[in-house]
>>> print(open('target00.txt').read())   # compact mmCIF, C-alpha atoms and all ligand atoms
# COMPACT_ATOMS: atom_id res chain seq x y z
CA MET A 11 64.11 104.76 135.31
CA ILE A 12 63.76 101.89 132.89
CA ARG A 13 66.11 103.58 130.44
CA GLU A 14 68.63 104.11 133.18
CA PHE A 15 68.44 100.46 134.05
CA SER A 16 68.90 99.42 130.47
CA ARG A 17 72.05 101.48 130.29
CA ARG A 18 73.29 99.87 133.46
CA GLN A 19 72.37 96.50 132.02
CA LEU A 20 74.97 97.11 129.36
CA LEU A 21 77.50 98.50 131.74
CA TRP A 22 77.50 96.55 134.89
CA PRO A 23 78.99 93.18 133.87
CA GLY A 24 82.03 94.88 132.37
CA ALA A 25 82.36 97.10 135.39
CA ALA A 26 82.00 94.11 137.63
CA VAL A 27 84.65 92.19 135.73
CA ALA A 28 86.98 95.16 136.03
CA ALA A 29 86.36 95.24 139.75
CA GLY A 30 86.97 91.49 140.01
CA LEU A 31 83.43 90.86 141.11
CA VAL A 32 82.44 88.23 138.61
CA LEU A 33 84.10 85.01 139.58
CA GLY A 34 82.80 82.91 136.76
CA VAL A 35 84.36 83.03 133.34
CA GLY A 36 81.25 83.41 131.26
CA LEU A 37 81.44 87.07 130.47
CA ASN A 38 83.68 89.10 128.25
CA ALA A 39 84.73 92.45 129.52
CA ASP A 40 81.92 94.03 127.56
CA GLY A 41 79.41 91.76 129.21
CA ALA A 42 78.76 89.57 126.17
CA GLU A 43 78.57 85.86 126.76
CA LYS A 44 81.66 83.99 125.70
CA PRO A 45 81.26 81.03 123.40
CA LYS A 46 81.42 77.78 125.29
CA ASN A 47 84.93 76.81 126.20
CA LYS A 48 86.19 74.03 123.96
CA LYS A 49 89.06 72.31 125.62
CA GLY A 50 88.51 68.92 124.07
CA LYS A 51 90.34 67.04 126.78
CA GLY A 52 88.78 63.96 128.27
CA LYS A 53 85.45 64.70 126.73
CA LYS A 54 85.35 61.90 124.20
CA GLY A 55 82.29 59.77 124.15
CA LYS A 56 80.34 62.70 125.52
CA LYS A 57 78.82 64.04 122.36
CA ALA A 58 77.70 67.59 122.29
CA SER A 59 73.94 67.57 122.35
CA GLY A 60 73.89 70.28 119.74
CA LYS A 61 72.36 72.71 122.16
CA ALA A 62 74.65 74.13 124.78
CA GLN A 63 73.17 74.57 128.22
CA ALA A 64 72.75 78.23 129.01
CA ARG A 65 75.12 79.56 131.64
CA ARG A 66 73.50 80.23 134.94
CA THR A 67 73.98 82.98 137.46
CA VAL A 68 74.08 82.94 141.23
CA VAL A 69 74.22 86.27 143.03
CA VAL A 70 75.66 86.31 146.55
CA TRP A 71 74.44 89.33 148.49
CA SER A 72 75.57 90.64 151.85
CA GLU A 73 75.47 93.91 153.75
CA GLY A 74 79.17 94.43 154.48
CA THR A 75 79.03 94.23 158.27
CA ALA A 76 81.09 91.09 158.94
CA PRO A 77 84.43 91.66 160.75
CA LYS A 78 87.16 92.28 158.16
CA LYS A 79 89.65 90.19 160.13
CA LEU A 80 87.54 87.08 159.61
CA TYR A 81 85.90 87.99 156.34
CA PRO A 82 88.22 90.33 154.41
CA ASN A 83 85.84 90.24 151.44
CA ASP A 84 82.73 90.09 153.58
CA ILE A 85 80.56 87.01 153.82
CA ASN A 86 79.43 87.14 150.21
CA GLY A 87 83.07 87.06 149.09
CA ALA A 88 83.78 83.93 151.12
CA ILE A 89 80.67 82.18 149.86
CA ALA A 90 81.37 83.16 146.26
CA GLU A 91 84.90 81.79 146.52
CA GLY A 92 83.44 78.47 147.64
CA LEU A 93 81.07 78.43 144.66
CA LYS A 94 83.83 78.80 142.08
CA GLU A 95 83.84 75.10 141.35
CA LEU A 96 80.25 75.25 140.08
CA GLU A 97 80.61 74.50 136.39
CA GLY A 98 78.52 76.50 133.99
CA TRP A 99 77.73 79.16 136.56
CA ASP A 100 78.66 82.80 136.86
CA VAL A 101 79.09 83.74 140.50
CA VAL A 102 78.43 87.41 141.19
CA VAL A 103 78.87 89.21 144.50
CA ALA A 104 76.49 92.02 145.36
CA ASN A 105 76.70 94.44 148.26
CA LEU A 106 74.15 96.61 149.97
CA SER A 107 76.43 99.61 149.30
CA ASP A 108 76.53 98.98 145.53
CA PRO A 109 74.31 100.97 143.17
CA ASP A 110 70.70 99.82 143.40
CA GLN A 111 71.62 98.10 146.67
CA GLY A 112 73.59 95.54 144.67
CA LEU A 113 70.68 94.31 142.63
CA PRO A 114 70.03 96.43 139.54
CA GLU A 115 67.15 95.05 137.56
CA ALA A 116 69.38 93.56 134.86
CA LEU A 117 71.25 91.48 137.42
CA LEU A 118 68.18 90.47 139.40
CA ASN A 119 66.44 89.41 136.22
CA ARG A 120 69.44 87.34 135.20
CA ALA A 121 69.86 85.60 138.57
CA ASP A 122 68.85 81.96 138.78
CA VAL A 123 69.60 81.92 142.49
CA LEU A 124 70.01 84.70 145.05
CA ILE A 125 71.92 84.03 148.29
CA TRP A 126 71.26 86.50 151.10
CA TRP A 127 73.20 87.30 154.27
CA GLY A 128 72.02 90.25 156.34
CA HIS A 129 71.93 91.19 160.00
CA GLN A 130 72.30 94.81 161.10
CA LYS A 131 70.94 96.51 158.04
CA HIS A 132 67.70 94.71 157.25
CA GLY A 133 65.84 98.02 157.59
CA ASP A 134 67.99 99.69 154.93
CA VAL A 135 66.82 97.35 152.19
CA LYS A 136 64.23 99.14 150.10
CA ASN A 137 60.75 97.68 150.02
CA GLU A 138 60.68 98.21 146.27
CA LEU A 139 63.66 95.87 145.90
CA VAL A 140 62.11 93.33 148.25
CA ASP A 141 58.96 93.29 146.12
CA LYS A 142 61.02 92.64 143.01
CA ILE A 143 62.89 89.77 144.68
CA VAL A 144 59.66 88.18 145.90
CA LYS A 145 58.17 88.48 142.43
CA ARG A 146 61.24 86.86 140.85
CA VAL A 147 60.95 83.92 143.25
CA LYS A 148 57.21 83.39 143.15
CA GLU A 149 56.53 84.13 139.49
CA ASP A 150 59.79 83.31 137.70
CA GLY A 151 61.15 80.55 139.91
CA MET A 152 64.36 82.25 141.04
CA GLY A 153 65.87 80.26 143.91
CA PHE A 154 66.41 82.02 147.25
CA ILE A 155 68.91 80.96 149.91
CA SER A 156 68.68 82.72 153.24
CA LEU A 157 71.48 82.47 155.77
CA HIS A 158 71.57 82.76 159.55
CA SER A 159 70.39 86.21 160.72
CA SER A 160 68.67 86.71 157.39
CA HIS A 161 65.70 84.97 158.99
CA PHE A 162 64.63 88.55 159.77
CA ALA A 163 65.65 89.96 156.38
CA LYS A 164 62.78 91.61 154.52
CA PRO A 165 62.77 89.20 151.55
CA ASN A 166 62.94 86.20 153.91
CA LYS A 167 59.96 87.44 155.92
CA LYS A 168 57.94 88.42 152.90
CA LEU A 169 58.50 85.05 151.21
CA MET A 170 57.63 83.13 154.38
CA GLY A 171 54.68 85.34 155.31
CA THR A 172 55.21 84.62 159.02
CA ALA A 173 57.08 86.20 161.94
CA CYS A 174 60.26 84.20 161.19
CA SER A 175 61.34 84.46 164.81
CA TRP A 176 63.24 81.78 166.71
CA LYS A 177 62.48 81.03 170.35
CA ALA A 178 65.89 82.30 171.49
CA TYR A 179 69.12 83.81 170.19
CA VAL A 180 71.98 83.19 172.55
CA GLY A 181 75.71 83.68 172.11
CA ASP A 182 76.71 81.07 174.65
CA SER A 183 77.69 78.07 172.57
CA THR A 184 81.10 76.77 171.56
CA THR A 185 80.40 74.29 168.79
CA LEU A 186 77.62 73.23 166.51
CA LYS A 187 77.33 69.65 165.33
CA VAL A 188 75.40 69.53 162.08
CA THR A 189 73.66 66.26 161.30
CA VAL A 190 71.97 65.15 158.09
CA LYS A 191 68.26 64.61 158.65
CA SER A 192 67.31 63.93 155.01
CA PRO A 193 70.25 62.02 153.47
CA ASP A 194 68.47 61.60 150.13
CA HIS A 195 67.87 65.31 149.69
CA PRO A 196 70.06 66.89 146.94
CA ILE A 197 71.31 69.54 149.39
CA ALA A 198 72.74 66.77 151.58
CA LYS A 199 74.64 65.09 148.75
CA GLY A 200 78.16 64.22 149.89
CA VAL A 201 77.59 65.77 153.32
CA LYS A 202 78.19 63.79 156.50
CA GLU A 203 77.86 64.87 160.08
CA PHE A 204 80.38 67.58 160.96
CA THR A 205 81.17 70.05 163.70
CA VAL A 206 82.08 73.71 163.42
CA GLU A 207 83.02 76.31 165.99
CA HIS A 208 79.90 78.36 166.38
CA THR A 209 79.06 80.76 169.16
CA GLU A 210 75.51 81.86 168.51
CA ARG A 211 72.61 79.44 168.61
CA TYR A 212 69.02 79.94 167.60
CA SER A 213 66.55 77.72 169.45
CA ASP A 214 63.47 75.98 168.10
CA PRO A 215 60.72 76.61 167.36
CA TYR A 216 61.20 78.75 164.24
CA ALA A 217 58.03 80.64 163.29
CA VAL A 218 57.78 79.70 159.63
CA PRO A 219 55.41 77.62 157.48
CA THR A 220 55.87 73.86 157.70
CA PRO A 221 58.96 73.13 155.63
CA GLN A 222 58.92 70.77 152.71
CA ALA A 223 62.04 69.13 154.09
CA VAL A 224 64.29 69.44 157.11
CA VAL A 225 67.61 68.62 155.50
CA PHE A 226 69.88 69.35 158.45
CA GLU A 227 69.51 69.38 162.18
CA GLY A 228 72.13 70.31 164.72
CA VAL A 229 73.18 70.34 168.32
CA ALA A 230 74.82 73.36 169.87
CA THR A 231 77.10 72.64 172.81
CA LEU A 232 77.01 75.41 175.38
CA LYS A 233 79.90 76.72 177.42
CA ASP A 234 78.45 75.01 180.49
CA GLY A 235 78.31 71.66 178.71
CA LYS A 236 74.56 71.64 178.10
CA VAL A 237 73.25 71.00 174.60
CA ASP A 238 70.53 72.62 172.50
CA PRO A 239 69.23 70.75 169.45
CA SER A 240 67.54 72.72 166.68
CA GLN A 241 66.71 72.74 162.99
CA GLN A 242 69.53 73.91 160.74
CA GLY A 243 68.52 73.54 157.10
CA LEU A 244 64.94 73.84 155.84
CA THR A 245 63.35 73.95 152.41
CA TRP A 246 60.13 75.28 150.95
CA GLU A 247 58.56 75.89 147.58
CA ILE A 248 57.18 79.41 147.33
CA GLY A 249 55.17 79.87 144.16
CA LYS A 250 57.46 78.71 141.37
CA GLY A 251 60.62 79.18 143.41
CA ARG A 252 62.65 77.07 145.77
CA PHE A 253 63.77 78.43 149.13
CA PHE A 254 66.48 77.14 151.46
CA TYR A 255 67.19 78.53 154.90
CA PHE A 256 70.40 77.61 156.71
CA GLN A 257 70.77 78.55 160.36
CA PRO A 258 74.58 78.60 160.88
CA GLY A 259 76.62 81.59 159.77
CA HIS A 260 77.17 84.06 162.60
CA GLU A 261 79.60 86.74 161.45
CA THR A 262 82.25 86.06 164.11
CA ASN A 263 82.52 82.41 163.05
CA PRO A 264 84.17 82.10 159.63
CA ILE A 265 82.30 78.94 158.70
CA PHE A 266 81.82 79.92 155.08
CA PHE A 267 85.42 78.83 154.54
CA ASP A 268 84.62 75.36 155.91
CA PRO A 269 84.54 72.67 153.18
CA ASN A 270 81.37 71.07 154.59
CA ILE A 271 79.51 74.37 154.60
CA ARG A 272 80.83 75.12 151.12
CA ARG A 273 79.54 71.77 149.88
CA ILE A 274 76.12 72.60 151.32
CA MET A 275 76.15 76.00 149.57
CA ILE A 276 77.06 74.40 146.23
CA ASN A 277 74.34 71.78 146.62
CA ALA A 278 71.82 74.38 147.67
CA VAL A 279 72.50 76.57 144.64
CA GLN A 280 72.05 73.63 142.29
CA TRP A 281 68.88 72.54 144.04
CA ALA A 282 67.36 76.01 144.21
CA ALA A 283 67.96 76.83 140.54
CA PRO A 284 64.92 76.74 138.29
CA ARG A 285 64.69 73.53 136.23
CA GLN A 286 66.11 73.85 132.76
CA GLY A 287 64.24 72.83 129.64
ZN ZN B 301 74.45 86.01 164.27
>>> encode(input="target00.txt", output="structure tokens", more="lines below")
Ligand code: ZN
Amino acid sequence: MIREFSRRQLLWPGAAVAAGLVLGVGLNADGAEKPKNKKGKGKKGKKASGKAQARRTVVVWSEGTAPKKLYPNDINGAIAEGLKELEGWDVVVANLSDPDQGLPEALLNRADVLIWWGHQKHGDVKNELVDKIVKRVKEDGMGFISLHSSHFAKPNKKLMGTACSWKAYVGDSTTLKVTVKSPDHPIAKGVKEFTVEHTERYSDPYAVPTPQAVVFEGVATLKDGKVDPSQQGLTWEIGKGRFFYFQPGHETNPIFFDPNIRRIMINAVQWAAPRQG
């Protein structure tokens, strides 16, 4: 198996580039890292430190069940598009239907951050893969970002070690107002209160360990005018890794195209990445 993986290690980035899956520009078609881009414009006064920062990798995983009308490239495609402005990062999309369920060892081992969106197919994810993800987070410090219905995803549950259930899941809301609870937190940088159309609310309490920070809260407005406040963005440190859970993201609400949500995703990736140096 290991030999097979090592062959794939050589092959997959090129294959992914050919398939348009790598959105960053850090890889040549053969998968070799490109030398750092030297444009030389507007960079004066900013001396090269002599040691280029290594490029980083965020993998955006989803299971391919979002409605194509709203998410033509599934949810991972929409999130990855929003992450394109991350400088120095390769953004890779991974799908449950891909070989090795989207996460061959070479890719998982290269990932600084893994973003996960799952809902209907949690049970299809192999326990062996879940164990590898958990190990990467706890022992190597890979960041993990879990979205919406991924609260019940196997890696989410295994990392939390609790039931990860919310009190209620109800598709009776019209909007969600997201408010910033921890304005000094890096994930809240540049984010102000905003409202998105959102039809499925999860109600507190959420059966997880006490979070390190509650970065975002929110209020769902129901069709009958009532409101339901709940936690929206929570952080933990699990072993060496950083973990962010974000409640919004139901598949019939295309919020991953919303600039506020995209800002939160960018911030979360940067926060969750292992420290360099
Ligand atoms: Zn949902």
>>> closest_residue(input="target00.txt", among="A:Phe266, A:Phe253, A:Tyr216, A:Trp99", to="Ala278 in chain A", atoms="all atoms listed in the file")
A:Phe253
>>> closest_residue(input="target00.txt", among="A:Asp234, A:Glu203, A:Asp182, A:Asp214", to="ligand ZN 301 (chain B)", atoms="all atoms listed in the file")
A:Asp182
>>> residues_around(input="target00.txt", residues="Gly243 in chain A", least_positions_apart="5", cutoff="8 Å", atoms="all atoms listed in the file", output="compact mmCIF listing (two decimals) with C-alpha atoms, in the coordinates of the input")
# COMPACT_ATOMS: atom_id res chain seq x y z
CA VAL A 224 64.29 69.44 157.11
CA VAL A 225 67.61 68.62 155.50
CA PHE A 226 69.88 69.35 158.45
CA GLU A 227 69.51 69.38 162.18
CA PHE A 254 66.48 77.14 151.46
CA TYR A 255 67.19 78.53 154.90
CA PHE A 256 70.40 77.61 156.71
CA GLN A 257 70.77 78.55 160.36
>>> closest_residue(input="target00.txt", among="A:Lys177, A:Lys250, A:Lys187, A:His129", to="ligand ZN 301 (chain B)", atoms="all atoms listed in the file")
A:His129
>>> residues_near_point(input="target00.txt", point="(50.7, 80.8, 135.7)", cutoff="12 Å", atoms="all atoms listed in the file", output="JSON, numbers by chain")
{"A": [148, 149, 150, 151, 249, 250]}
>>> closest_residue(input="target00.txt", among="A:Ala76, A:Asn119, A:Asp84, A:Pro284", to="Val103 in chain A", atoms="only C-alpha atoms")
A:Asp84
>>> residues_near_point(input="target00.txt", point="(59.5, 86.3, 161.4)", cutoff="7 Å", atoms="only C-alpha atoms", output="list in words")
His161, Phe162, Lys167, Thr172, Ala173, Cys174, Ser175 and Ala217 of chain A
>>> atom_distance(input="target00.txt", atom1="CA of Thr205 in chain A", atom2="CA of Lys94 in chain A")
23.5 Å
>>> residues_near_ligand(input="target00.txt", ligand="ligand ZN 301 (chain B)", cutoff="7 Å", atoms="only C-alpha atoms and all ligand atoms", output="PyMOL selection string")
chain A and resi 158-159+210+259-261
>>> closest_residue(input="target00.txt", among="A:Tyr179, A:Ile85, A:Ile271, A:Glu73", to="Gly133 in chain A", atoms="only C-alpha atoms")
A:Glu73
>>> build_atoms(input="target00.txt", residues="range 188-213 of chain A", atoms="N, CA and C atoms", output="tab-separated table (two decimals), keeping the file's coordinate frame")
chain	number	residue	atom	x	y	z
A	188	VAL	N	76.45	69.57	163.10
A	188	VAL	CA	75.40	69.53	162.08
A	188	VAL	C	75.19	68.08	161.67
A	189	THR	N	73.96	67.63	161.71
A	189	THR	CA	73.66	66.26	161.30
A	189	THR	C	72.71	66.28	160.10
A	190	VAL	N	72.80	65.24	159.30
A	190	VAL	CA	71.97	65.15	158.09
A	190	VAL	C	70.67	64.45	158.45
A	191	LYS	N	69.58	65.17	158.31
A	191	LYS	CA	68.26	64.61	158.65
A	191	LYS	C	67.62	63.93	157.43
A	192	SER	N	67.89	64.48	156.24
A	192	SER	CA	67.31	63.93	155.01
A	192	SER	C	68.44	63.55	154.05
A	193	PRO	N	69.05	62.36	154.26
A	193	PRO	CA	70.25	62.02	153.47
A	193	PRO	C	70.00	61.93	151.97
A	194	ASP	N	68.75	61.70	151.56
A	194	ASP	CA	68.47	61.60	150.13
A	194	ASP	C	68.20	62.95	149.47
A	195	HIS	N	68.15	64.00	150.27
A	195	HIS	CA	67.87	65.31	149.69
A	195	HIS	C	69.10	65.81	148.92
A	196	PRO	N	68.91	66.41	147.73
A	196	PRO	CA	70.06	66.89	146.94
A	196	PRO	C	70.99	67.83	147.72
A	197	ILE	N	70.45	68.60	148.65
A	197	ILE	CA	71.31	69.54	149.39
A	197	ILE	C	72.24	68.79	150.36
A	198	ALA	N	71.90	67.55	150.66
A	198	ALA	CA	72.74	66.77	151.58
A	198	ALA	C	73.76	65.90	150.85
A	199	LYS	N	73.76	65.97	149.54
A	199	LYS	CA	74.64	65.09	148.75
A	199	LYS	C	76.11	65.27	149.14
A	200	GLY	N	76.74	64.18	149.53
A	200	GLY	CA	78.16	64.22	149.89
A	200	GLY	C	78.44	64.86	151.25
A	201	VAL	N	77.40	65.13	152.01
A	201	VAL	CA	77.59	65.77	153.32
A	201	VAL	C	77.36	64.75	154.42
A	202	LYS	N	78.33	64.65	155.31
A	202	LYS	CA	78.19	63.79	156.50
A	202	LYS	C	78.18	64.71	157.71
A	203	GLU	N	77.85	64.11	158.84
A	203	GLU	CA	77.86	64.87	160.08
A	203	GLU	C	79.20	65.61	160.27
A	204	PHE	N	79.14	66.83	160.70
A	204	PHE	CA	80.38	67.58	160.96
A	204	PHE	C	80.15	68.61	162.06
A	205	THR	N	81.25	69.09	162.60
A	205	THR	CA	81.17	70.05	163.70
A	205	THR	C	81.96	71.30	163.35
A	206	VAL	N	81.37	72.45	163.62
A	206	VAL	CA	82.08	73.71	163.42
A	206	VAL	C	82.07	74.50	164.73
A	207	GLU	N	83.06	75.37	164.88
A	207	GLU	CA	83.02	76.31	165.99
A	207	GLU	C	81.92	77.31	165.69
A	208	HIS	N	81.04	77.48	166.64
A	208	HIS	CA	79.90	78.36	166.38
A	208	HIS	C	79.35	78.88	167.69
A	209	THR	N	79.32	80.20	167.84
A	209	THR	CA	79.06	80.76	169.16
A	209	THR	C	77.66	81.33	169.36
A	210	GLU	N	76.86	81.30	168.34
A	210	GLU	CA	75.51	81.86	168.51
A	210	GLU	C	74.48	80.84	168.04
A	211	ARG	N	73.63	80.45	168.95
A	211	ARG	CA	72.61	79.44	168.61
A	211	ARG	C	71.24	80.11	168.54
A	212	TYR	N	70.44	79.59	167.63
A	212	TYR	CA	69.02	79.94	167.60
A	212	TYR	C	68.27	78.68	168.05
A	213	SER	N	67.26	78.88	168.90
A	213	SER	CA	66.55	77.72	169.45
A	213	SER	C	65.19	77.54	168.79
